[in-house]
$ cat work-v5.csv   # CSV, C-alpha atoms
chain,number,residue,atom,x,y,z
A,1,MET,CA,-39.0,-97.3,100.3
A,2,GLY,CA,-35.8,-99.5,100.1
A,3,PHE,CA,-33.0,-99.1,102.6
A,4,LEU,CA,-30.3,-98.5,100.0
A,5,ALA,CA,-29.8,-95.2,98.2
A,6,ALA,CA,-31.6,-95.0,94.8
A,7,SER,CA,-28.4,-93.7,93.2
A,8,LEU,CA,-26.7,-97.1,93.7
A,9,SER,CA,-29.2,-98.6,91.3
A,10,ARG,CA,-27.7,-96.5,88.5
A,11,ILE,CA,-24.3,-98.2,88.7
A,12,LYS,CA,-22.8,-101.6,88.5
A,13,PRO,CA,-19.7,-103.2,90.2
A,14,SER,CA,-16.4,-102.8,88.5
A,15,ALA,CA,-16.1,-105.6,85.8
A,16,THR,CA,-12.3,-105.7,86.0
A,17,ILE,CA,-12.4,-106.2,89.8
A,18,ALA,CA,-15.1,-108.8,89.4
A,19,ILE,CA,-13.2,-110.8,86.8
A,20,SER,CA,-10.0,-110.6,88.8
A,21,GLN,CA,-11.8,-111.9,91.9
A,22,LYS,CA,-13.4,-114.8,90.0
A,23,ALA,CA,-9.9,-115.7,88.7
A,24,ARG,CA,-8.6,-115.6,92.3
A,25,ASP,CA,-11.4,-117.8,93.5
A,26,LEU,CA,-10.9,-120.4,90.8
A,27,LYS,CA,-7.2,-120.4,91.6
A,28,THR,CA,-7.9,-120.9,95.3
A,29,ALA,CA,-10.2,-123.9,94.3
A,30,GLY,CA,-7.2,-125.5,92.6
A,31,ARG,CA,-7.7,-124.5,89.0
A,32,ASP,CA,-4.7,-123.6,86.8
A,33,ILE,CA,-5.6,-120.0,86.1
A,34,ILE,CA,-3.7,-117.3,84.2
A,35,SER,CA,-5.2,-113.9,84.9
A,36,LEU,CA,-4.9,-111.3,82.2
A,37,SER,CA,-7.6,-109.1,83.7
A,38,ALA,CA,-5.8,-106.8,86.2
A,39,GLY,CA,-4.1,-103.6,85.2
A,40,GLU,CA,-1.2,-104.0,87.5
A,41,PRO,CA,2.5,-104.2,86.7
A,42,ASP,CA,4.2,-107.4,87.8
A,43,PHE,CA,7.4,-105.5,88.6
A,44,ASP,CA,8.0,-104.7,92.3
A,45,THR,CA,8.1,-101.2,93.6
A,46,PRO,CA,11.7,-99.9,93.2
A,47,ASP,CA,13.9,-100.3,96.3
A,48,ASN,CA,14.7,-96.5,96.6
A,49,ILE,CA,10.9,-95.8,96.9
A,50,LYS,CA,10.4,-98.6,99.5
A,51,GLN,CA,13.4,-97.2,101.4
A,52,ALA,CA,11.9,-93.7,101.4
A,53,ALA,CA,8.7,-95.2,103.0
A,54,ILE,CA,10.8,-97.0,105.7
A,55,ASP,CA,12.7,-93.9,106.4
A,56,ALA,CA,9.4,-91.9,106.8
A,57,ILE,CA,8.1,-94.5,109.3
A,58,ARG,CA,11.4,-94.3,111.3
A,59,ARG,CA,11.1,-90.5,111.3
A,60,GLY,CA,7.6,-90.7,112.7
A,61,GLU,CA,5.8,-89.4,109.6
A,62,THR,CA,2.8,-91.4,110.8
A,63,LYS,CA,0.3,-88.6,111.7
A,64,TYR,CA,-2.5,-86.9,109.9
A,65,THR,CA,-1.3,-84.7,107.0
A,66,ALA,CA,-2.9,-81.8,105.2
A,67,VAL,CA,-6.1,-83.1,103.7
A,68,ASP,CA,-5.0,-83.1,100.1
A,69,GLY,CA,-1.2,-83.7,100.3
A,70,ILE,CA,2.0,-82.8,102.2
A,71,PRO,CA,3.8,-79.7,100.8
A,72,GLN,CA,6.8,-81.8,99.8
A,73,LEU,CA,4.7,-84.0,97.5
A,74,LYS,CA,2.8,-81.0,96.1
A,75,GLU,CA,6.2,-79.4,95.2
A,76,ALA,CA,7.4,-82.7,93.6
A,77,ILE,CA,4.2,-82.8,91.5
A,78,VAL,CA,4.6,-79.1,90.5
A,79,GLU,CA,8.2,-80.0,89.4
A,80,LYS,CA,7.0,-83.1,87.6
A,81,PHE,CA,4.4,-81.2,85.5
A,82,LYS,CA,7.1,-78.6,84.6
A,83,ARG,CA,9.7,-81.2,83.7
A,84,ASP,CA,7.6,-83.7,81.8
A,85,ASN,CA,4.7,-81.7,80.4
A,86,ASP,CA,5.9,-78.0,80.3
A,87,LEU,CA,2.9,-77.1,82.5
A,88,THR,CA,3.2,-74.4,85.2
A,89,TYR,CA,1.2,-74.9,88.4
A,90,THR,CA,1.5,-73.6,91.9
A,91,ALA,CA,1.2,-75.9,95.0
A,92,SER,CA,-2.3,-74.5,95.7
A,93,GLN,CA,-3.4,-75.8,92.3
A,94,VAL,CA,-2.4,-79.4,93.2
A,95,THR,CA,-4.5,-82.1,95.0
A,96,VAL,CA,-3.4,-85.5,96.2
A,97,GLY,CA,-5.9,-88.3,96.6
A,98,THR,CA,-6.0,-92.0,97.5
A,99,GLY,CA,-5.3,-93.1,94.0
A,100,GLY,CA,-6.3,-91.5,90.7
A,101,LYS,CA,-9.8,-92.9,91.0
A,102,GLN,CA,-10.5,-90.6,94.0
A,103,VAL,CA,-9.1,-87.6,92.2
A,104,LEU,CA,-11.5,-88.2,89.3
A,105,TYR,CA,-14.4,-88.9,91.6
A,106,ASN,CA,-13.8,-85.8,93.7
A,107,ALA,CA,-13.7,-83.6,90.5
A,108,LEU,CA,-17.0,-85.0,89.2
A,109,VAL,CA,-18.9,-84.9,92.5
A,110,ALA,CA,-17.6,-81.4,93.2
A,111,THR,CA,-18.8,-80.0,89.9
A,112,ILE,CA,-21.7,-81.9,88.5
A,113,ASN,CA,-25.3,-80.8,88.9
A,114,PRO,CA,-28.4,-82.9,87.9
A,115,GLY,CA,-28.7,-83.0,84.1
A,116,ASP,CA,-25.0,-82.1,83.4
A,117,GLU,CA,-23.5,-84.1,80.6
A,118,VAL,CA,-20.1,-85.7,80.5
A,119,ILE,CA,-18.6,-86.8,77.2
A,120,ILE,CA,-16.8,-90.2,77.5
A,121,PRO,CA,-15.1,-91.7,74.4
A,122,GLN,CA,-15.8,-95.4,73.8
A,123,PRO,CA,-14.1,-97.7,74.7
A,124,TYR,CA,-13.7,-96.3,78.2
A,125,TRP,CA,-12.2,-97.3,81.6
A,126,VAL,CA,-15.1,-99.1,83.3
A,127,SER,CA,-15.4,-96.6,86.2
A,128,TYR,CA,-15.9,-93.3,84.2
A,129,PRO,CA,-19.7,-93.7,83.5
A,130,ASP,CA,-20.5,-95.0,86.9
A,131,MET,CA,-18.7,-92.1,88.6
A,132,VAL,CA,-20.7,-89.6,86.4
A,133,LEU,CA,-23.9,-91.4,87.3
A,134,LEU,CA,-23.1,-91.4,91.1
A,135,ALA,CA,-22.4,-87.6,90.8
A,136,GLY,CA,-25.9,-87.1,89.3
A,137,GLY,CA,-24.7,-86.5,85.8
A,138,GLU,CA,-25.4,-88.1,82.4
A,139,PRO,CA,-22.7,-89.9,80.5
A,140,VAL,CA,-22.7,-89.1,76.7
A,141,PHE,CA,-20.7,-91.6,74.8
A,142,ALA,CA,-18.6,-90.7,71.8
A,143,GLU,CA,-17.8,-93.8,69.8
A,144,THR,CA,-14.4,-94.5,68.3
A,145,GLN,CA,-13.6,-97.0,65.5
A,146,LEU,CA,-11.1,-99.8,65.2
A,147,LYS,CA,-10.1,-98.4,61.8
A,148,ASP,CA,-9.1,-95.1,63.6
A,149,GLY,CA,-7.1,-97.0,66.2
A,150,PHE,CA,-9.8,-96.4,68.8
A,151,LYS,CA,-9.1,-92.6,68.7
A,152,LEU,CA,-11.8,-90.0,69.1
A,153,GLN,CA,-12.3,-88.0,65.8
A,154,PRO,CA,-12.9,-84.3,66.0
A,155,ASP,CA,-16.3,-84.4,64.2
A,156,VAL,CA,-17.5,-87.1,66.6
A,157,LEU,CA,-16.4,-85.0,69.6
A,158,GLU,CA,-18.1,-81.9,68.3
A,159,ALA,CA,-21.4,-83.8,67.6
A,160,ALA,CA,-21.4,-84.9,71.3
A,161,ILE,CA,-21.1,-81.4,72.7
A,162,SER,CA,-24.3,-79.7,73.9
A,163,ASP,CA,-25.2,-76.7,76.1
A,164,LYS,CA,-25.4,-79.2,78.9
A,165,THR,CA,-21.9,-80.6,78.5
A,166,LYS,CA,-19.8,-80.0,81.7
A,167,TRP,CA,-16.8,-82.2,81.1
A,168,LEU,CA,-14.9,-84.3,78.5
A,169,ILE,CA,-13.1,-87.2,80.1
A,170,PHE,CA,-9.9,-87.9,78.0
A,171,ASN,CA,-7.6,-90.8,78.5
A,172,SER,CA,-4.4,-91.3,76.6
A,173,PRO,CA,-2.8,-93.8,76.5
A,174,SER,CA,-6.1,-95.5,76.9
A,175,ASN,CA,-7.4,-98.2,79.2
A,176,PRO,CA,-8.6,-100.5,77.7
A,177,SER,CA,-7.3,-100.0,74.1
A,178,GLY,CA,-3.7,-98.7,74.7
A,179,ALA,CA,-4.4,-96.0,72.0
A,180,ALA,CA,-2.4,-92.9,72.5
A,181,TYR,CA,-2.8,-89.6,70.7
A,182,THR,CA,0.0,-87.8,68.8
A,183,HIS,CA,0.4,-84.0,69.1
A,184,ASP,CA,-1.4,-83.4,65.8
A,185,GLU,CA,-4.2,-85.8,66.7
A,186,LEU,CA,-4.7,-84.1,70.1
A,187,LYS,CA,-4.5,-80.6,68.5
A,188,ALA,CA,-7.4,-81.5,66.2
A,189,LEU,CA,-9.5,-82.2,69.3
A,190,THR,CA,-8.3,-79.2,71.3
A,191,ASP,CA,-9.2,-76.9,68.3
A,192,ILE,CA,-12.8,-78.1,68.8
A,193,LEU,CA,-12.7,-77.6,72.6
A,194,VAL,CA,-11.4,-74.0,72.4
A,195,LYS,CA,-14.7,-73.1,70.6
A,196,TYR,CA,-16.8,-74.4,73.5
A,197,PRO,CA,-15.9,-72.5,76.8
A,198,ASN,CA,-18.6,-74.4,78.8
A,199,VAL,CA,-16.7,-77.7,78.3
A,200,TRP,CA,-14.0,-78.6,80.9
A,201,ILE,CA,-11.4,-81.3,80.2
A,202,LEU,CA,-10.7,-84.0,82.7
A,203,THR,CA,-7.5,-85.7,81.4
A,204,ASP,CA,-6.5,-89.1,82.8
A,205,ASP,CA,-2.7,-89.4,82.1
A,206,MET,CA,-2.1,-92.4,84.4
A,207,TYR,CA,-0.3,-94.3,81.6
A,208,GLU,CA,1.8,-91.3,80.4
A,209,HIS,CA,5.2,-93.0,80.8
A,210,LEU,CA,4.1,-96.3,79.3
A,211,VAL,CA,4.5,-95.6,75.6
A,212,TYR,CA,6.5,-97.5,73.0
A,213,ASP,CA,8.2,-97.2,69.6
A,214,ASP,CA,9.5,-93.7,70.2
A,215,PHE,CA,6.0,-92.3,70.8
A,216,LYS,CA,6.0,-88.9,72.3
A,217,PHE,CA,3.3,-88.3,75.0
A,218,VAL,CA,1.5,-85.0,75.2
A,219,THR,CA,-1.4,-83.8,77.4
A,220,PRO,CA,-4.3,-81.5,76.3
A,221,ALA,CA,-3.3,-78.3,78.3
A,222,GLN,CA,0.3,-78.7,77.0
A,223,VAL,CA,-0.9,-78.9,73.3
A,224,GLU,CA,-3.4,-76.0,73.8
A,225,PRO,CA,-2.5,-73.5,76.6
A,226,LYS,CA,-5.8,-71.8,76.2
A,227,LEU,CA,-7.4,-74.8,77.9
A,228,LEU,CA,-5.3,-74.7,81.0
A,229,ASP,CA,-7.8,-72.8,83.1
A,230,ARG,CA,-10.5,-75.4,82.4
A,231,THR,CA,-8.4,-78.6,82.5
A,232,LEU,CA,-7.8,-81.0,85.4
A,233,THR,CA,-4.6,-82.9,84.6
A,234,MET,CA,-4.7,-86.1,86.6
A,235,ASN,CA,-1.9,-88.6,87.1
A,236,GLY,CA,-0.5,-90.9,89.7
A,237,VAL,CA,2.3,-93.2,90.7
A,238,SER,CA,0.5,-96.5,90.4
A,239,LYS,CA,1.4,-97.7,86.9
A,240,ALA,CA,4.8,-96.3,85.9
A,241,TYR,CA,6.3,-96.6,89.4
A,242,CYS,CA,4.7,-100.0,90.2
A,243,MET,CA,2.9,-98.6,93.2
A,244,THR,CA,-0.7,-99.8,92.7
A,245,GLY,CA,-1.2,-100.8,96.4
A,246,TRP,CA,0.3,-97.5,97.7
A,247,ARG,CA,-2.8,-95.6,96.5
A,248,ILE,CA,-1.5,-92.2,95.5
A,249,GLY,CA,-3.0,-90.2,92.7
A,250,TYR,CA,-2.8,-86.5,92.0
A,251,GLY,CA,-4.2,-83.7,89.8
A,252,ALA,CA,-3.6,-80.1,89.0
A,253,GLY,CA,-6.0,-77.5,87.8
A,254,PRO,CA,-7.6,-74.1,88.5
A,255,ASP,CA,-7.7,-73.0,92.2
A,256,VAL,CA,-11.5,-72.9,92.3
A,257,LEU,CA,-11.7,-76.6,91.3
A,258,ILE,CA,-8.9,-77.8,93.5
A,259,LYS,CA,-10.3,-76.0,96.5
A,260,ALA,CA,-13.7,-77.6,96.0
A,261,MET,CA,-12.1,-81.0,95.6
A,262,SER,CA,-10.2,-80.5,98.9
A,263,LYS,CA,-13.4,-79.5,100.7
A,264,LEU,CA,-15.1,-82.7,99.5
A,265,GLN,CA,-12.1,-84.8,100.5
A,266,SER,CA,-12.1,-83.2,104.0
A,267,GLN,CA,-15.5,-84.7,104.6
A,268,SER,CA,-14.8,-88.1,103.0
A,269,THR,CA,-11.4,-89.8,103.3
A,270,SER,CA,-9.3,-86.9,104.6
A,271,ASN,CA,-5.6,-87.3,103.8
A,272,PRO,CA,-4.0,-90.2,101.8
A,273,SER,CA,-1.6,-92.4,103.7
A,274,SER,CA,1.3,-90.3,105.1
A,275,ILE,CA,3.8,-93.1,104.4
A,276,SER,CA,2.6,-93.5,100.8
A,277,GLN,CA,2.9,-89.8,100.2
A,278,TRP,CA,6.6,-89.8,101.3
A,279,ALA,CA,7.2,-92.8,99.0
A,280,ALA,CA,5.6,-90.8,96.1
A,281,VAL,CA,8.0,-87.9,96.8
A,282,GLU,CA,10.9,-90.2,96.1
A,283,ALA,CA,9.2,-91.8,93.1
A,284,LEU,CA,8.8,-88.4,91.4
A,285,ASN,CA,12.1,-86.9,92.5
A,286,GLY,CA,14.3,-90.0,92.4
A,287,PRO,CA,15.9,-91.9,89.6
A,288,GLN,CA,13.6,-92.5,86.6
A,289,GLY,CA,15.8,-94.9,84.5
A,290,PHE,CA,13.9,-98.0,85.5
A,291,ILE,CA,10.8,-96.8,83.6
A,292,ALA,CA,12.6,-97.2,80.2
A,293,GLU,CA,13.9,-100.6,81.3
A,294,HIS,CA,10.3,-101.7,82.2
A,295,ASN,CA,9.0,-100.3,78.9
A,296,ASP,CA,11.5,-102.4,76.9
A,297,VAL,CA,10.0,-105.5,78.6
A,298,PHE,CA,6.4,-104.3,78.1
A,299,LYS,CA,7.1,-103.6,74.4
A,300,GLN,CA,8.4,-107.2,73.9
A,301,ARG,CA,5.3,-108.5,75.7
A,302,ARG,CA,3.0,-106.3,73.6
A,303,ASP,CA,4.5,-107.5,70.4
A,304,LEU,CA,4.3,-111.2,71.5
A,305,VAL,CA,0.7,-110.9,72.5
A,306,VAL,CA,-0.4,-109.0,69.4
A,307,SER,CA,1.3,-111.5,67.1
A,308,MET,CA,-0.1,-114.6,68.9
A,309,LEU,CA,-3.6,-113.2,69.2
A,310,ASN,CA,-3.7,-112.3,65.5
A,311,GLN,CA,-2.8,-116.0,64.8
A,312,ALA,CA,-5.9,-117.1,66.7
A,313,ALA,CA,-9.0,-118.0,64.6
A,314,GLY,CA,-11.6,-115.3,64.6
A,315,LEU,CA,-9.5,-112.7,66.5
A,316,SER,CA,-8.1,-109.3,65.2
A,317,CYS,CA,-5.8,-107.4,67.4
A,318,PRO,CA,-4.4,-103.9,66.6
A,319,VAL,CA,-1.0,-102.7,67.8
A,320,PRO,CA,-1.5,-100.1,70.7
A,321,GLU,CA,0.9,-97.2,71.3
A,322,GLY,CA,0.9,-97.4,75.0
A,323,ALA,CA,-0.4,-98.6,78.4
A,324,PHE,CA,-0.2,-102.4,78.9
A,325,TYR,CA,-3.4,-103.6,77.3
A,326,VAL,CA,-4.5,-104.9,73.9
A,327,TYR,CA,-8.1,-104.8,72.9
A,328,PRO,CA,-8.7,-107.4,70.2
A,329,SER,CA,-12.0,-107.9,68.4
A,330,CYS,CA,-13.6,-111.4,68.8
A,331,GLU,CA,-16.2,-110.7,66.1
A,332,GLY,CA,-15.0,-113.8,64.2
A,333,ALA,CA,-16.0,-116.0,67.2
A,334,ILE,CA,-19.5,-114.7,67.6
A,335,GLY,CA,-22.2,-117.2,66.5
A,336,ARG,CA,-19.9,-120.2,66.9
A,337,GLN,CA,-20.2,-123.0,69.3
A,338,THR,CA,-17.9,-124.3,72.1
A,339,ALA,CA,-16.8,-127.9,72.3
A,340,SER,CA,-19.6,-128.4,74.8
A,341,GLY,CA,-22.2,-127.0,72.4
A,342,GLU,CA,-22.7,-123.5,73.9
A,343,VAL,CA,-23.2,-120.7,71.4
A,344,ILE,CA,-20.9,-117.7,71.7
A,345,SER,CA,-23.4,-114.8,71.3
A,346,SER,CA,-21.4,-112.0,72.9
A,347,ASP,CA,-17.9,-111.0,74.0
A,348,GLU,CA,-19.0,-111.8,77.6
A,349,ASP,CA,-19.9,-115.3,76.5
A,350,PHE,CA,-16.5,-115.5,74.8
A,351,VAL,CA,-14.5,-114.6,77.9
A,352,THR,CA,-16.6,-116.7,80.2
A,353,ALA,CA,-16.2,-119.8,78.0
A,354,LEU,CA,-12.5,-119.1,77.7
A,355,LEU,CA,-12.1,-118.9,81.5
A,356,GLU,CA,-14.1,-122.2,82.0
A,357,ALA,CA,-12.4,-124.1,79.1
A,358,GLU,CA,-8.8,-122.9,79.3
A,359,GLY,CA,-8.4,-121.0,82.6
A,360,VAL,CA,-7.5,-117.7,81.0
A,361,ALA,CA,-9.2,-114.6,82.6
A,362,ALA,CA,-9.7,-111.5,80.4
A,363,VAL,CA,-12.4,-108.8,80.6
A,364,HIS,CA,-15.2,-108.6,78.0
A,365,GLY,CA,-15.4,-105.5,75.9
A,366,GLU,CA,-19.0,-104.6,76.8
A,367,ALA,CA,-17.7,-103.6,80.2
A,368,PHE,CA,-15.7,-100.9,78.4
A,369,GLY,CA,-18.6,-99.8,76.2
A,370,MET,CA,-17.5,-101.5,73.0
A,371,ALA,CA,-18.4,-105.0,71.8
A,372,PRO,CA,-17.4,-107.5,70.5
A,373,HIS,CA,-14.0,-107.0,72.0
A,374,PHE,CA,-12.1,-108.1,75.1
A,375,ARG,CA,-9.2,-106.6,77.0
A,376,VAL,CA,-6.0,-108.5,77.7
A,377,SER,CA,-3.4,-107.0,80.2
A,378,TYR,CA,0.2,-107.9,79.3
A,379,ALA,CA,1.4,-106.7,82.7
A,380,THR,CA,2.4,-110.2,83.7
A,381,SER,CA,5.4,-112.5,83.0
A,382,THR,CA,6.3,-113.3,79.4
A,383,GLN,CA,6.1,-117.0,80.2
A,384,ALA,CA,2.6,-116.6,81.5
A,385,LEU,CA,1.6,-114.5,78.5
A,386,GLU,CA,3.0,-117.0,76.0
A,387,GLN,CA,1.1,-119.9,77.7
A,388,ALA,CA,-2.1,-117.8,77.9
A,389,CYS,CA,-2.0,-116.9,74.2
A,390,GLU,CA,-1.4,-120.6,73.3
A,391,ARG,CA,-4.5,-121.5,75.4
A,392,ILE,CA,-6.5,-118.7,73.6
A,393,GLN,CA,-5.4,-120.0,70.2
A,394,ARG,CA,-6.5,-123.5,71.3
A,395,PHE,CA,-9.8,-122.3,72.5
A,396,CYS,CA,-10.5,-120.3,69.3
A,397,ALA,CA,-9.5,-123.3,67.2
A,398,SER,CA,-12.0,-125.5,69.1
A,399,LEU,CA,-15.0,-123.3,68.2
A,400,ARG,CA,-17.2,-124.8,65.5
$ encode --input "work-v5.csv" --output "structure tokens"
Amino acid sequence: MGFLAASLSRIKPSATIAISQKARDLKTAGRDIISLSAGEPDFDTPDNIKQAAIDAIRRGETKYTAVDGIPQLKEAIVEKFKRDNDLTYTASQVTVGTGGKQVLYNALVATINPGDEVIIPQPYWVSYPDMVLLAGGEPVFAETQLKDGFKLQPDVLEAAISDKTKWLIFNSPSNPSGAAYTHDELKALTDILVKYPNVWILTDDMYEHLVYDDFKFVTPAQVEPKLLDRTLTMNGVSKAYCMTGWRIGYGAGPDVLIKAMSKLQSQSTSNPSSISQWAAVEALNGPQGFIAEHNDVFKQRRDLVVSMLNQAAGLSCPVPEGAFYVYPSCEGAIGRQTASGEVISSDEDFVTALLEAEGVAAVHGEAFGMAPHFRVSYATSTQALEQACERIQRFCASLR
């Protein structure tokens, strides 16, 4: 018998982290690399949030805290859900973890038994299926279509539900597609879910504030209050507040679930960083105006990238409603040859050849469960994006 756990053989390393690391390695080796692979805002954490962390250090807030969050942060989260989502929770229904990823992981590990199924719309964030597999569950994929803007259709959702279904993982705006659901689109899905009381909803709202063109964000339990008692609403400060490295995510849901997640966290990581928690209190309670300012820049970048990619031979790029990703199809490049004679037979071939030839790092669509596409993050400088898109155009033009 091998030394490593058999469960590890069910999963693969994160593709986005792997591509980002490869780009860093090439840059270190002296290559001129533009990385469009990481989902990380290029804006710095706002000064008032940084100051709150400094003040916390000076006050001596450097000890262990309650396992799943300080009371002040839980109260800020309760207020946030009321203010932004019209959702009413108590502090006992809130959990704070080391990033949104831990909140998702805790929820799945705390609830899944062998054979339980979890519905995951495609394309999906790379970690969802692997978390389900590590928890002993079975991912069931519900495919979306480019023609529908990569949005899950009610009939597809209903067809995926079985008596073994434990969760639906729902992500809007989406990583990787940027697709975001309107109130009516989401209501059509919640109407289905109301009929199946065995299905819980795990909604990943991490990109809630990153929406454009007057889009109005809504979350499942807000659209359909009947689902509140079987929904975990997850969010965090990483993306909207430019706090990826601070590692604070949070979720709210029924007491029985939150208690189970806290029990699990008490035997794994214990509390998130005390300093980061105090910074997150300021993020949620403090001035919010910078979010709209950042979004104006992101929208300009989105429009630039969509326009330039649609001018590249063989690419087709829809306009996303939110997040900071585009998810173009590279179907027109499949079967063609690079200048060195290599055949592009998959989206992974496409992004690998693009990185080698032009020094642009993107993530292949197969990693997100839908090919032939690739994900581009526009959370980097406008100048870098323009240069990267010119390189992508040049690469596509060079294919024969």
$ closest_residue --input "work-v5.csv" --among "A:Ser35, A:Ser262, A:Thr182, A:Gln383" --to "Val351 in chain A" --atoms "only C-alpha atoms"
A:Ser35
$ closest_atom_pairs --input "work-v5.csv" --of "range 305-358 of chain A" --to "range 388-400 of chain A" --cutoff "8 Å" --atoms "all atoms listed in the file" --output "JSON lines"
{"residue": "A:Val305", "atom": "CA", "partner": "A:Cys389", "partner_atom": "CA", "distance": 6.8}
{"residue": "A:Met308", "atom": "CA", "partner": "A:Cys389", "partner_atom": "CA", "distance": 6.1}
{"residue": "A:Leu309", "atom": "CA", "partner": "A:Cys389", "partner_atom": "CA", "distance": 6.4}
{"residue": "A:Gln311", "atom": "CA", "partner": "A:Gln393", "partner_atom": "CA", "distance": 7.2}
{"residue": "A:Ala312", "atom": "CA", "partner": "A:Gln393", "partner_atom": "CA", "distance": 4.6}
{"residue": "A:Ala313", "atom": "CA", "partner": "A:Cys396", "partner_atom": "CA", "distance": 5.4}
{"residue": "A:Gly314", "atom": "CA", "partner": "A:Cys396", "partner_atom": "CA", "distance": 6.9}
{"residue": "A:Ala333", "atom": "CA", "partner": "A:Cys396", "partner_atom": "CA", "distance": 7.3}
{"residue": "A:Arg336", "atom": "CA", "partner": "A:Arg400", "partner_atom": "CA", "distance": 5.5}
{"residue": "A:Gln337", "atom": "CA", "partner": "A:Arg400", "partner_atom": "CA", "distance": 5.2}
{"residue": "A:Thr338", "atom": "CA", "partner": "A:Leu399", "partner_atom": "CA", "distance": 5.0}
{"residue": "A:Ala339", "atom": "CA", "partner": "A:Ser398", "partner_atom": "CA", "distance": 6.2}
{"residue": "A:Leu354", "atom": "CA", "partner": "A:Phe395", "partner_atom": "CA", "distance": 6.7}
{"residue": "A:Ala357", "atom": "CA", "partner": "A:Phe395", "partner_atom": "CA", "distance": 7.3}
{"residue": "A:Glu358", "atom": "CA", "partner": "A:Arg391", "partner_atom": "CA", "distance": 6.0}
$ closest_residue --input "work-v5.csv" --among "A:Arg247, A:Asp214, A:Asp191, A:Glu282" --to "Leu227 in chain A" --atoms "all atoms listed in the file"
A:Asp191
$ residues_around --input "work-v5.csv" --residues "Phe350 in chain A" --least-positions-apart "4" --cutoff "9 Å" --atoms "only C-alpha atoms" --output "list in words"
Cys330, Ala333, Ile334, Ile344, Ser345, Ser346, Leu354, Leu355, His364 and Phe374 of chain A
$ closest_residue --input "work-v5.csv" --among "A:Thr165, A:Gln222, A:Thr144, A:Gln153" --to "His183 in chain A" --atoms "all atoms listed in the file"
A:Gln222
$ atom_distance --input "work-v5.csv" --atom1 "CA of Val103 in chain A" --atom2 "CA of Val132 in chain A"
13.1 Å
$ residues_around --input "work-v5.csv" --residues "range 239-245 of chain A" --least-positions-apart "4" --cutoff "12 Å" --atoms "all atoms listed in the file" --output "ChimeraX atom specification"
/A:38-50,53,98-101,173,175,205-211,235,249,273,276-277,279-295,298,322-324,379
$ write_last_selection --input "work-v5.csv" --atoms "C-alpha atoms" --output "short mmCIF file (atom, residue, chain, number, x, y, z; two decimals), in the coordinates of the input"
data_model
loop_
_atom_site.label_atom_id
_atom_site.label_comp_id
_atom_site.auth_asym_id
_atom_site.auth_seq_id
_atom_site.Cartn_x
_atom_site.Cartn_y
_atom_site.Cartn_z
CA ALA A 38 -5.80 -106.80 86.20
CA GLY A 39 -4.10 -103.60 85.20
CA GLU A 40 -1.20 -104.00 87.50
CA PRO A 41 2.50 -104.20 86.70
CA ASP A 42 4.20 -107.40 87.80
CA PHE A 43 7.40 -105.50 88.60
CA ASP A 44 8.00 -104.70 92.30
CA THR A 45 8.10 -101.20 93.60
CA PRO A 46 11.70 -99.90 93.20
CA ASP A 47 13.90 -100.30 96.30
CA ASN A 48 14.70 -96.50 96.60
CA ILE A 49 10.90 -95.80 96.90
CA LYS A 50 10.40 -98.60 99.50
CA ALA A 53 8.70 -95.20 103.00
CA THR A 98 -6.00 -92.00 97.50
CA GLY A 99 -5.30 -93.10 94.00
CA GLY A 100 -6.30 -91.50 90.70
CA LYS A 101 -9.80 -92.90 91.00
CA PRO A 173 -2.80 -93.80 76.50
CA ASN A 175 -7.40 -98.20 79.20
CA ASP A 205 -2.70 -89.40 82.10
CA MET A 206 -2.10 -92.40 84.40
CA TYR A 207 -0.30 -94.30 81.60
CA GLU A 208 1.80 -91.30 80.40
CA HIS A 209 5.20 -93.00 80.80
CA LEU A 210 4.10 -96.30 79.30
CA VAL A 211 4.50 -95.60 75.60
CA ASN A 235 -1.90 -88.60 87.10
CA GLY A 249 -3.00 -90.20 92.70
CA SER A 273 -1.60 -92.40 103.70
CA SER A 276 2.60 -93.50 100.80
CA GLN A 277 2.90 -89.80 100.20
CA ALA A 279 7.20 -92.80 99.00
CA ALA A 280 5.60 -90.80 96.10
CA VAL A 281 8.00 -87.90 96.80
CA GLU A 282 10.90 -90.20 96.10
CA ALA A 283 9.20 -91.80 93.10
CA LEU A 284 8.80 -88.40 91.40
CA ASN A 285 12.10 -86.90 92.50
CA GLY A 286 14.30 -90.00 92.40
CA PRO A 287 15.90 -91.90 89.60
CA GLN A 288 13.60 -92.50 86.60
CA GLY A 289 15.80 -94.90 84.50
CA PHE A 290 13.90 -98.00 85.50
CA ILE A 291 10.80 -96.80 83.60
CA ALA A 292 12.60 -97.20 80.20
CA GLU A 293 13.90 -100.60 81.30
CA HIS A 294 10.30 -101.70 82.20
CA ASN A 295 9.00 -100.30 78.90
CA PHE A 298 6.40 -104.30 78.10
CA GLY A 322 0.90 -97.40 75.00
CA ALA A 323 -0.40 -98.60 78.40
CA PHE A 324 -0.20 -102.40 78.90
CA ALA A 379 1.40 -106.70 82.70
#
$ closest_residue --input "work-v5.csv" --among "A:Asn113, A:Ser274, A:Gln51, A:Ser329" --to "Leu73 in chain A" --atoms "only C-alpha atoms"
A:Ser274
$ closest_residue --input "work-v5.csv" --among "A:Ile70, A:Ala15, A:Leu36, A:Val109" --to "Tyr327 in chain A" --atoms "all atoms listed in the file"
A:Leu36
$ closest_residue --input "work-v5.csv" --among "A:Ser92, A:Asn171, A:Asn85, A:Thr111" --to "Pro71 in chain A" --atoms "only C-alpha atoms"
A:Ser92
$ atom_distance --input "work-v5.csv" --atom1 "CA of Glu331 in chain A" --atom2 "CA of Gln145 in chain A"
14.0 Å
$ atom_distance --input "work-v5.csv" --atom1 "CA of Lys299 in chain A" --atom2 "CA of Leu104 in chain A"
28.4 Å
